[in-house]
$ cat model.csv   # CSV, C-alpha atoms and all ligand atoms
chain,number,residue,atom,x,y,z
A,1,VAL,CA,-28.1,-3.3,5.7
A,2,THR,CA,-29.7,-0.2,4.3
A,3,LYS,CA,-27.2,2.6,4.7
A,4,ILE,CA,-23.5,2.1,4.3
A,5,GLY,CA,-20.5,4.3,4.9
A,6,VAL,CA,-17.2,4.2,3.0
A,7,LEU,CA,-13.9,5.7,4.0
A,8,THR,CA,-10.2,5.7,3.0
A,9,SER,CA,-7.8,5.5,5.9
A,10,GLY,CA,-4.1,5.5,6.7
A,11,GLY,CA,-1.5,5.8,4.0
A,12,ASP,CA,-3.0,6.9,0.7
A,13,ALA,CA,-2.6,4.8,-2.4
A,14,PRO,CA,-3.4,5.3,-6.1
A,15,GLY,CA,-6.6,3.5,-7.0
A,16,MET,CA,-8.5,4.3,-3.8
A,17,ASN,CA,-10.8,6.5,-5.8
A,18,ALA,CA,-11.6,3.7,-8.1
A,19,ALA,CA,-12.6,1.6,-5.1
A,20,VAL,CA,-14.7,4.4,-3.6
A,21,ARG,CA,-16.5,4.7,-6.9
A,22,ALA,CA,-17.2,1.0,-7.1
A,23,VAL,CA,-18.6,0.9,-3.5
A,24,VAL,CA,-20.8,3.9,-4.1
A,25,ARG,CA,-22.2,2.7,-7.4
A,26,THR,CA,-22.7,-0.9,-6.3
A,27,GLY,CA,-24.4,0.3,-3.2
A,28,ILE,CA,-26.8,2.5,-5.2
A,29,TYR,CA,-27.4,-0.3,-7.7
A,30,TYR,CA,-28.6,-2.5,-4.8
A,31,GLY,CA,-30.8,0.3,-3.4
A,32,LEU,CA,-28.6,1.2,-0.5
A,33,GLU,CA,-27.9,4.8,0.7
A,34,VAL,CA,-24.2,5.4,0.6
A,35,TYR,CA,-22.3,7.9,2.8
A,36,GLY,CA,-18.8,9.1,2.3
A,37,ILE,CA,-16.8,9.5,5.6
A,38,MET,CA,-14.1,12.1,5.2
A,39,ARG,CA,-10.5,11.8,6.4
A,40,GLY,CA,-10.7,8.2,7.6
A,41,TYR,CA,-11.8,7.5,11.1
A,42,THR,CA,-11.4,11.3,11.9
A,43,GLY,CA,-14.6,12.0,9.9
A,44,MET,CA,-16.4,9.3,11.8
A,45,VAL,CA,-15.4,10.8,15.2
A,46,GLU,CA,-16.0,14.4,14.1
A,47,ASN,CA,-19.2,13.6,12.1
A,48,ASP,CA,-17.8,14.7,8.8
A,49,ILE,CA,-20.0,12.4,6.8
A,50,ILE,CA,-21.7,13.3,3.4
A,51,PRO,CA,-24.3,11.5,1.3
A,52,MET,CA,-22.8,10.1,-1.9
A,53,HIS,CA,-24.6,9.8,-5.3
A,54,SER,CA,-23.7,8.2,-8.5
A,55,ARG,CA,-22.5,11.6,-9.7
A,56,SER,CA,-20.3,12.2,-6.6
A,57,VAL,CA,-17.9,9.7,-8.0
A,58,ALA,CA,-18.0,10.7,-11.6
A,59,ASN,CA,-14.6,11.3,-13.3
A,60,ILE,CA,-12.5,9.9,-10.5
A,61,ILE,CA,-11.6,6.4,-11.6
A,62,GLN,CA,-8.4,7.7,-13.2
A,63,ARG,CA,-7.3,10.1,-10.4
A,64,GLY,CA,-4.7,9.4,-7.8
A,65,GLY,CA,-5.1,10.3,-4.1
A,66,THR,CA,-8.6,10.0,-2.6
A,67,ILE,CA,-11.5,12.3,-2.9
A,68,LEU,CA,-12.6,11.3,0.6
A,69,LYS,CA,-9.1,12.3,1.9
A,70,THR,CA,-7.3,10.1,4.4
A,71,ALA,CA,-5.8,10.6,7.9
A,72,ARG,CA,-4.4,8.9,10.9
A,73,CYS,CA,-6.8,9.4,13.8
A,74,LYS,CA,-5.5,9.3,17.4
A,75,GLU,CA,-8.9,9.5,18.9
A,76,PHE,CA,-10.0,6.3,17.3
A,77,LEU,CA,-7.3,4.5,19.3
A,78,GLN,CA,-9.3,5.3,22.4
A,79,LYS,CA,-12.7,3.8,23.4
A,80,GLU,CA,-14.2,7.2,23.9
A,81,GLY,CA,-13.3,8.2,20.3
A,82,ARG,CA,-14.8,5.0,18.9
A,83,GLN,CA,-17.9,5.6,21.0
A,84,LYS,CA,-18.3,9.0,19.5
A,85,ALA,CA,-17.8,7.6,16.0
A,86,TYR,CA,-20.4,5.0,16.7
A,87,ASN,CA,-22.9,7.5,18.0
A,88,ASN,CA,-22.5,9.6,14.8
A,89,LEU,CA,-23.1,6.5,12.6
A,90,LYS,CA,-26.1,5.5,14.6
A,91,ASP,CA,-27.6,9.0,14.3
A,92,LEU,CA,-27.4,8.7,10.6
A,93,GLY,CA,-28.6,5.1,10.6
A,94,ILE,CA,-25.5,3.8,9.0
A,95,ASP,CA,-25.4,0.0,9.5
A,96,GLY,CA,-22.4,-1.1,7.5
A,97,LEU,CA,-18.9,0.1,6.8
A,98,VAL,CA,-16.4,-0.3,4.0
A,99,ILE,CA,-12.9,0.6,5.0
A,100,ILE,CA,-10.3,1.1,2.3
A,101,GLY,CA,-6.8,1.1,3.9
A,102,GLY,CA,-3.9,-0.9,5.2
A,103,ASP,CA,-3.3,-3.1,8.2
A,104,GLY,CA,-3.6,-0.3,10.7
A,105,SER,CA,-7.0,0.6,9.4
A,106,PHE,CA,-8.1,-3.0,9.5
A,107,ARG,CA,-6.9,-3.3,13.1
A,108,GLY,CA,-9.1,-0.3,13.9
A,109,ALA,CA,-12.0,-1.7,12.0
A,110,ASP,CA,-11.6,-5.0,13.9
A,111,VAL,CA,-11.6,-3.4,17.3
A,112,PHE,CA,-14.6,-1.2,16.3
A,113,SER,CA,-16.7,-4.0,15.0
A,114,ARG,CA,-16.1,-6.1,18.1
A,115,GLU,CA,-17.3,-3.3,20.3
A,116,PHE,CA,-20.3,-2.2,18.3
A,117,ASP,CA,-22.9,-3.9,16.1
A,118,ILE,CA,-21.7,-2.5,12.8
A,119,PRO,CA,-20.3,-4.9,10.2
A,120,CYS,CA,-17.0,-3.8,8.7
A,121,ILE,CA,-15.6,-4.9,5.4
A,122,GLY,CA,-12.0,-4.1,4.6
A,123,ILE,CA,-10.5,-3.4,1.1
A,124,PRO,CA,-6.7,-3.6,1.0
A,125,GLY,CA,-5.4,-0.3,-0.2
A,126,THR,CA,-1.7,0.1,0.3
A,127,ILE,CA,1.3,0.5,-1.9
A,128,ASP,CA,3.3,-1.7,0.4
A,129,LYS,CA,1.5,-5.0,-0.4
A,130,ASP,CA,2.1,-6.1,3.1
A,131,ILE,CA,-1.3,-7.8,3.7
A,132,ALA,CA,-2.1,-11.5,3.8
A,133,GLY,CA,-5.1,-13.1,2.1
A,134,THR,CA,-4.7,-11.3,-1.2
A,135,ASP,CA,-2.3,-11.4,-4.2
A,136,PHE,CA,-3.0,-7.7,-4.8
A,137,THR,CA,-3.4,-4.5,-2.9
A,138,ILE,CA,-4.7,-1.4,-4.5
A,139,GLY,CA,-1.8,1.0,-5.3
A,140,PHE,CA,1.0,-1.4,-5.4
A,141,ASP,CA,1.1,-1.8,-9.1
A,142,THR,CA,1.0,1.9,-9.7
A,143,ALA,CA,3.7,2.6,-7.1
A,144,VAL,CA,6.0,-0.1,-8.5
A,145,ASN,CA,5.5,1.1,-12.1
A,146,THR,CA,6.3,4.7,-11.0
A,147,ALA,CA,9.5,3.3,-9.3
A,148,VAL,CA,10.4,1.4,-12.5
A,149,GLU,CA,10.0,4.5,-14.6
A,150,SER,CA,12.1,6.6,-12.3
A,151,ILE,CA,14.8,3.9,-11.9
A,152,ASP,CA,15.0,3.6,-15.7
A,153,LYS,CA,15.8,7.3,-15.8
A,154,ILE,CA,18.4,7.0,-13.2
A,155,ARG,CA,20.0,4.2,-15.2
A,156,ASP,CA,20.4,6.5,-18.2
A,157,THR,CA,22.3,9.1,-16.2
A,158,ALA,CA,24.2,6.4,-14.3
A,159,ASP,CA,25.3,5.0,-17.6
A,160,ALA,CA,26.4,8.4,-18.9
A,161,HIS,CA,28.6,9.1,-15.9
A,162,ASP,CA,29.7,5.6,-14.9
A,163,ARG,CA,28.2,5.9,-11.4
A,164,LEU,CA,27.0,3.7,-8.7
A,165,PHE,CA,23.5,4.5,-7.7
A,166,ILE,CA,21.8,3.6,-4.4
A,167,ILE,CA,18.1,4.0,-4.9
A,168,GLU,CA,15.7,3.9,-2.0
A,169,VAL,CA,12.1,2.9,-2.6
A,170,MET,CA,9.1,2.8,-0.3
A,171,GLY,CA,7.4,-0.2,1.3
A,172,ARG,CA,7.7,0.4,5.0
A,173,ASP,CA,8.7,-2.9,6.5
A,174,ALA,CA,7.9,-4.8,3.3
A,175,GLY,CA,10.3,-5.3,0.4
A,176,TYR,CA,7.9,-5.9,-2.5
A,177,ILE,CA,8.3,-2.5,-4.2
A,178,ALA,CA,12.1,-2.9,-3.9
A,179,LEU,CA,12.0,-6.5,-5.2
A,180,HIS,CA,9.7,-6.0,-8.1
A,181,SER,CA,11.2,-2.6,-9.2
A,182,GLY,CA,14.7,-3.9,-8.7
A,183,ILE,CA,14.2,-7.0,-10.9
A,184,ALA,CA,12.3,-5.0,-13.5
A,185,THR,CA,15.1,-2.5,-13.9
A,186,GLY,CA,18.0,-4.9,-13.7
A,187,ALA,CA,19.4,-3.8,-10.4
A,188,GLU,CA,22.6,-5.4,-9.3
A,189,HIS,CA,21.5,-5.8,-5.7
A,190,ILE,CA,18.2,-5.5,-3.9
A,191,LEU,CA,18.1,-5.0,-0.1
A,192,ILE,CA,14.8,-5.9,1.5
A,193,PRO,CA,13.7,-6.3,5.1
A,194,GLU,CA,12.7,-9.9,4.6
A,195,ARG,CA,16.3,-11.0,3.9
A,196,LYS,CA,19.6,-10.6,5.7
A,197,THR,CA,22.1,-8.8,3.5
A,198,ASP,CA,25.8,-9.8,3.7
A,199,MET,CA,27.4,-6.3,3.5
A,200,GLU,CA,30.9,-7.8,2.9
A,201,GLU,CA,29.6,-9.8,0.0
A,202,LEU,CA,27.8,-6.7,-1.4
A,203,ILE,CA,31.0,-4.6,-1.2
A,204,SER,CA,33.2,-7.2,-2.8
A,205,SER,CA,30.7,-7.8,-5.5
A,206,LEU,CA,30.6,-4.1,-6.2
A,207,GLN,CA,34.4,-4.0,-6.2
A,208,GLU,CA,34.6,-6.9,-8.6
A,209,LYS,CA,32.1,-5.1,-11.0
A,210,GLU,CA,34.2,-2.0,-10.7
A,211,ARG,CA,37.3,-4.0,-11.8
A,212,ARG,CA,35.4,-5.4,-14.7
A,213,LYS,CA,34.3,-1.9,-15.6
A,214,LYS,CA,30.7,-2.8,-15.5
A,215,LEU,CA,29.1,0.4,-16.6
A,216,VAL,CA,25.9,0.7,-14.6
A,217,ASN,CA,25.6,-0.4,-11.0
A,218,MET,CA,22.3,0.1,-9.2
A,219,VAL,CA,21.4,-1.0,-5.7
A,220,VAL,CA,17.7,-0.8,-4.9
A,221,VAL,CA,17.1,-0.5,-1.1
A,222,ALA,CA,13.7,-0.9,0.6
A,223,GLU,CA,13.2,2.0,3.1
A,224,GLY,CA,12.7,-0.6,5.9
A,225,ASP,CA,15.8,-2.7,5.2
A,226,GLU,CA,18.0,-3.8,8.1
A,227,PHE,CA,20.6,-1.0,7.7
A,228,GLY,CA,18.0,1.8,7.9
A,229,GLY,CA,17.3,2.7,4.3
A,230,GLY,CA,19.2,4.3,1.4
A,231,ASP,CA,21.0,6.9,3.5
A,232,GLN,CA,22.7,4.3,5.7
A,233,VAL,CA,23.5,2.0,2.8
A,234,ALA,CA,25.0,4.8,0.8
A,235,ALA,CA,27.1,5.9,3.8
A,236,LEU,CA,28.4,2.4,4.3
A,237,VAL,CA,29.3,1.9,0.6
A,238,LYS,CA,31.0,5.3,0.4
A,239,GLU,CA,33.1,4.5,3.4
A,240,ARG,CA,34.2,1.1,2.0
A,241,LEU,CA,34.5,2.2,-1.6
A,242,PRO,CA,35.9,5.8,-1.5
A,243,ASN,CA,37.0,5.7,-5.1
A,244,VAL,CA,33.6,4.8,-6.6
A,245,ASP,CA,31.4,7.7,-7.6
A,246,THR,CA,28.4,6.8,-5.5
A,247,ARG,CA,25.1,8.7,-5.6
A,248,LEU,CA,22.0,8.3,-3.5
A,249,CYS,CA,18.5,8.8,-4.8
A,250,ILE,CA,15.4,8.5,-2.5
A,251,LEU,CA,12.3,8.2,-4.7
A,252,GLY,CA,10.0,9.2,-1.9
A,253,HIS,CA,6.4,10.3,-2.3
A,254,ILE,CA,6.2,10.3,-6.1
A,255,GLN,CA,5.6,6.6,-5.6
A,256,ARG,CA,2.2,7.4,-3.9
A,257,GLY,CA,0.9,9.7,-6.6
A,258,GLY,CA,-0.2,9.5,-10.1
A,259,SER,CA,-3.0,8.0,-12.2
A,260,PRO,CA,-3.6,4.4,-11.1
A,261,THR,CA,-2.6,1.7,-13.6
A,262,CYS,CA,-5.2,-0.5,-15.3
A,263,LEU,CA,-4.5,-3.3,-12.9
A,264,ASP,CA,-5.1,-1.1,-9.9
A,265,ARG,CA,-8.3,0.2,-11.4
A,266,LEU,CA,-9.5,-3.3,-12.1
A,267,ILE,CA,-8.8,-4.8,-8.7
A,268,ALA,CA,-10.3,-1.6,-7.0
A,269,SER,CA,-13.5,-2.0,-9.0
A,270,ARG,CA,-13.8,-5.7,-8.3
A,271,MET,CA,-13.0,-5.4,-4.6
A,272,GLY,CA,-15.3,-2.4,-4.2
A,273,TYR,CA,-18.2,-4.3,-5.8
A,274,SER,CA,-17.4,-7.4,-3.8
A,275,ALA,CA,-17.3,-5.5,-0.4
A,276,VAL,CA,-20.9,-4.3,-0.9
A,277,GLU,CA,-22.0,-7.8,-1.8
A,278,CYS,CA,-20.3,-9.0,1.4
A,279,LEU,CA,-22.4,-6.6,3.4
A,280,LEU,CA,-25.6,-7.6,1.6
A,281,GLU,CA,-24.8,-11.3,2.3
A,282,GLY,CA,-24.4,-10.6,6.0
A,283,ARG,CA,-20.7,-11.1,6.2
A,284,HIS,CA,-18.8,-9.0,8.7
A,285,ASN,CA,-15.2,-8.3,9.8
A,286,VAL,CA,-13.6,-9.7,6.7
A,287,MET,CA,-11.3,-8.2,4.1
A,288,VAL,CA,-12.0,-8.9,0.5
A,289,GLY,CA,-9.0,-10.1,-1.4
A,290,ILE,CA,-8.2,-11.8,-4.6
A,291,LEU,CA,-6.2,-15.0,-4.5
A,292,ASN,CA,-5.6,-17.0,-7.6
A,293,ASN,CA,-8.1,-14.8,-9.5
A,294,ARG,CA,-10.9,-15.6,-7.1
A,295,MET,CA,-12.4,-13.5,-4.4
A,296,GLN,CA,-11.2,-14.5,-1.0
A,297,TYR,CA,-12.6,-13.4,2.4
A,298,THR,CA,-10.1,-13.2,5.2
A,299,LEU,CA,-11.0,-12.2,8.8
A,300,LEU,CA,-9.7,-8.7,9.5
A,301,GLU,CA,-7.5,-10.0,12.3
A,302,LYS,CA,-5.8,-12.5,10.1
A,303,ALA,CA,-5.3,-10.0,7.3
A,304,VAL,CA,-3.4,-7.8,9.6
A,305,LYS,CA,-1.2,-10.3,11.4
A,306,SER,CA,0.4,-12.4,8.7
A,307,LYS,CA,2.7,-11.2,6.0
A,308,GLN,CA,3.1,-12.6,2.5
A,309,LYS,CA,6.3,-14.5,1.9
A,310,ILE,CA,8.9,-13.6,-0.6
A,311,SER,CA,10.1,-16.7,-2.4
A,312,ASP,CA,13.8,-17.7,-2.4
A,313,GLU,CA,13.6,-18.2,-6.1
A,314,TRP,CA,13.2,-14.5,-6.8
A,315,MET,CA,16.4,-13.8,-4.8
A,316,LYS,CA,18.3,-16.4,-6.8
A,317,ILE,CA,17.0,-14.8,-10.0
A,318,VAL,CA,18.3,-11.4,-8.9
A,319,LYS,CA,21.7,-12.9,-8.3
A,320,ILE,CA,21.9,-14.7,-11.6
A,321,LEU,CA,20.6,-11.9,-13.8
A,322,ALA,CA,22.8,-9.2,-12.3
A,323,SER,CA,26.1,-10.9,-13.1
A,401,LIG,P1,-2.6,2.0,7.5
A,401,LIG,O1,-4.0,1.6,7.4
A,401,LIG,O2,-2.1,2.6,6.2
A,401,LIG,O3,-1.8,0.8,8.0
A,401,LIG,P2,-2.3,3.3,10.1
A,401,LIG,O4,-1.5,2.3,10.7
A,401,LIG,O5,-1.9,4.7,10.3
A,401,LIG,O6,-2.5,3.2,8.5
A,401,LIG,O7,-3.8,3.2,10.6
A,401,LIG,C1,-4.8,4.1,10.3
A,401,LIG,C2,-5.7,4.4,11.4
A,401,LIG,O8,-6.4,3.2,11.9
A,401,LIG,C3,-5.0,4.9,12.7
A,401,LIG,O9,-4.7,6.3,12.5
A,401,LIG,C4,-6.0,4.7,13.7
A,401,LIG,O10,-7.0,5.7,13.7
A,401,LIG,C5,-6.7,3.4,13.3
A,401,LIG,N1,-6.1,2.3,14.1
A,401,LIG,C6,-4.9,1.6,13.9
A,401,LIG,N2,-4.7,0.7,14.8
A,401,LIG,C7,-5.8,0.7,15.7
A,401,LIG,C8,-6.1,0.0,16.9
A,401,LIG,N3,-5.4,-1.0,17.4
A,401,LIG,N4,-7.3,0.4,17.4
A,401,LIG,C9,-8.1,1.3,16.9
A,401,LIG,N5,-7.8,2.0,15.8
A,401,LIG,C10,-6.6,1.7,15.2

$ encode --input "model.csv" --output "structure tokens"
Amino acid sequence: VTKIGVLTSGGDAPGMNAAVRAVVRTGIYYGLEVYGIMRGYTGMVENDIIPMHSRSVANIIQRGGTILKTARCKEFLQKEGRQKAYNNLKDLGIDGLVIIGGDGSFRGADVFSREFDIPCIGIPGTIDKDIAGTDFTIGFDTAVNTAVESIDKIRDTADAHDRLFIIEVMGRDAGYIALHSGIATGAEHILIPERKTDMEELISSLQEKERRKKLVNMVVVAEGDEFGGGDQVAALVKERLPNVDTRLCILGHIQRGGSPTCLDRLIASRMGYSAVECLLEGRHNVMVGILNNRMQYTLLEKAVKSKQKISDEWMKIVKILAS
């Protein structure tokens, strides 16, 4: 490879900038020309591609969001759109791609690299941590720390008023943000898509805590849980426990923003560097991940299909510690 393109695609995640910076600077270090592709696959289709220099990525390691912008691109789902994208890359002489995004973006990269002769390397950038082949995804640590800070604040006010709080966190169909932030804030119950929740048990446990005059009760709900998120859970609880002062708080998009944590900056830097090395070594269609503190290369198709598992032990710990 001599010219590479880098893009951020799909849902944004704090730390993506740190990854872009690492790709650009590692590429330049190895004598490659590096291009930034704007707004994910949209920039590829619409030829919105700009040359990147060392200075283009100055002062961004600490910034949330992504300077390359991100988007969801309908045209890229069609062969014609991908053909257009390929033609644009060919015209510029781009012969390698680094895609920072989630499973949807990897699916797109996988399809694209099978159709055309451009090696694609994926970097997992998603707050949801729903990608196999890596212990970390860029943005998760920041998102979960934002959730923890917010839930701590809710605990203060819940304590002052003796209220039950239902708190919805993000994660799409994965429960990691809920599980981690729930445990770290001492939530009584954590509802995640990976586990069935016995609503009767939940209600009677809340009733019992009410009887014991337990002061703070917090239920952390993943947006993708089986009941349909915080709204639904709050409605169910209010219906069953009309005498309990129940409040709902949906944390929402604040979880996507903010300055990335040290961990997210570290893994973004390491993965960005490693993605360029992959291209230089002639690897293609893999995602770079970190497993047991070592770089791990997983075929893009495998990174998208499987999900990480949540251990039963964590669920047991939640139960024991919330009593
Ligand atoms: P994320 O990467 O955060 O999971 P999306 O699921 O929205 O985000 O995917 C990002 C983009 O990847 C989509 O807008 C689309 O352009 C592209 N993409 C996703 N799936 C495919 C597919 N099967 N074929 C081609 N492109 C795809």

$ closest_atom_pairs --input "model.csv" --of "chain A" --to "ligand LIG 401 (chain A)" --cutoff "6 Å" --atoms "all atoms listed in the file" --output "Markdown table"
| residue | atom | partner | partner_atom | distance |
| --- | --- | --- | --- | --- |
| A:Ser9 | CA | A:LIG401 | C1 | 5.5 |
| A:Gly10 | CA | A:LIG401 | O6 | 3.3 |
| A:Gly11 | CA | A:LIG401 | O2 | 3.9 |
| A:Tyr41 | CA | A:LIG401 | O10 | 5.7 |
| A:Arg72 | CA | A:LIG401 | O9 | 3.1 |
| A:Cys73 | CA | A:LIG401 | O10 | 3.7 |
| A:Lys74 | CA | A:LIG401 | O10 | 5.4 |
| A:Phe76 | CA | A:LIG401 | O10 | 4.7 |
| A:Leu77 | CA | A:LIG401 | C9 | 4.1 |
| A:Gly101 | CA | A:LIG401 | O1 | 4.5 |
| A:Gly102 | CA | A:LIG401 | O1 | 3.3 |
| A:Asp103 | CA | A:LIG401 | O3 | 4.2 |
| A:Gly104 | CA | A:LIG401 | O4 | 3.3 |
| A:Ser105 | CA | A:LIG401 | O8 | 3.7 |
| A:Arg107 | CA | A:LIG401 | N2 | 4.9 |
| A:Gly108 | CA | A:LIG401 | N5 | 3.3 |
| A:Val111 | CA | A:LIG401 | N4 | 5.7 |

$ closest_residue --input "model.csv" --among "A:Val220, A:Arg39, A:Cys278, A:Ile203" --to "Glu239 (chain A)" --atoms "all atoms listed in the file"
A:Ile203

$ residues_around --input "model.csv" --residues "Arg256 (chain A)" --least-positions-apart "2" --cutoff "10 Å" --atoms "only C-alpha atoms" --output "VMD selection string"
chain A and resid 11 to 14 64 to 65 126 to 127 139 to 140 142 to 144 146 to 147 170 252 to 254 258 to 260

$ atom_distance --input "model.csv" --atom1 "CA of Glu188 (chain A)" --atom2 "CA of Thr137 (chain A)"
26.8 Å

$ residues_around --input "model.csv" --residues "Arg82 (chain A)" --least-positions-apart "4" --cutoff "12 Å" --atoms "all atoms listed in the file" --output "ChimeraX atom specification"
/A:41-47,73-78,86-89,108-116,118

$ closest_residue --input "model.csv" --among "A:Cys262, A:Ile123, A:Leu164, A:Val34" --to "Asn145 (chain A)" --atoms "all atoms listed in the file"
A:Cys262

$ residues_around --input "model.csv" --residues "Ile121 (chain A)" --least-positions-apart "3" --cutoff "6 Å" --atoms "only C-alpha atoms" --output "list in words"
Val98, Asn285, Val286 and Met287 of chain A

$ closest_residue --input "model.csv" --among "A:Asp95, A:Glu194, A:Glu210, A:Asp141" --to "Ser311 (chain A)" --atoms "only C-alpha atoms"
A:Glu194

$ build_atoms --input "model.csv" --residues "region 13-29 of chain A" --atoms "N, CA and C atoms" --output "short mmCIF file (atom, residue, chain, number, x, y, z; two decimals), in the frame of the given file"
data_model
loop_
_atom_site.label_atom_id
_atom_site.label_comp_id
_atom_site.auth_asym_id
_atom_site.auth_seq_id
_atom_site.Cartn_x
_atom_site.Cartn_y
_atom_site.Cartn_z
N ALA A 13 -3.16 5.59 -1.38
CA ALA A 13 -2.60 4.80 -2.40
C ALA A 13 -3.41 5.03 -3.72
N PRO A 14 -2.72 5.11 -4.86
CA PRO A 14 -3.40 5.30 -6.10
C PRO A 14 -4.38 4.18 -6.42
N GLY A 15 -5.62 4.51 -6.78
CA GLY A 15 -6.60 3.50 -7.00
C GLY A 15 -7.69 3.49 -5.94
N MET A 16 -7.44 4.21 -4.85
CA MET A 16 -8.50 4.30 -3.80
C MET A 16 -9.74 4.91 -4.35
N ASN A 17 -9.59 5.91 -5.23
CA ASN A 17 -10.80 6.50 -5.80
C ASN A 17 -11.61 5.54 -6.63
N ALA A 18 -10.93 4.69 -7.35
CA ALA A 18 -11.60 3.70 -8.10
C ALA A 18 -12.44 2.76 -7.23
N ALA A 19 -11.88 2.48 -6.04
CA ALA A 19 -12.60 1.60 -5.10
C ALA A 19 -13.78 2.34 -4.48
N VAL A 20 -13.60 3.61 -4.15
CA VAL A 20 -14.70 4.40 -3.60
C VAL A 20 -15.86 4.43 -4.63
N ARG A 21 -15.50 4.68 -5.87
CA ARG A 21 -16.50 4.70 -6.90
C ARG A 21 -17.27 3.42 -7.03
N ALA A 22 -16.53 2.30 -6.94
CA ALA A 22 -17.20 1.00 -7.10
C ALA A 22 -18.12 0.74 -5.89
N VAL A 23 -17.70 1.12 -4.70
CA VAL A 23 -18.60 0.90 -3.50
C VAL A 23 -19.83 1.75 -3.66
N VAL A 24 -19.66 3.01 -4.01
CA VAL A 24 -20.80 3.90 -4.10
C VAL A 24 -21.79 3.41 -5.17
N ARG A 25 -21.28 3.09 -6.33
CA ARG A 25 -22.20 2.70 -7.40
C ARG A 25 -22.82 1.35 -7.21
N THR A 26 -22.08 0.42 -6.63
CA THR A 26 -22.70 -0.90 -6.30
C THR A 26 -23.74 -0.76 -5.27
N GLY A 27 -23.44 0.04 -4.25
CA GLY A 27 -24.40 0.30 -3.20
C GLY A 27 -25.71 0.84 -3.75
N ILE A 28 -25.57 1.87 -4.57
CA ILE A 28 -26.80 2.50 -5.20
C ILE A 28 -27.51 1.52 -6.06
N TYR A 29 -26.77 0.73 -6.80
CA TYR A 29 -27.40 -0.30 -7.70
C TYR A 29 -28.29 -1.21 -6.87
#
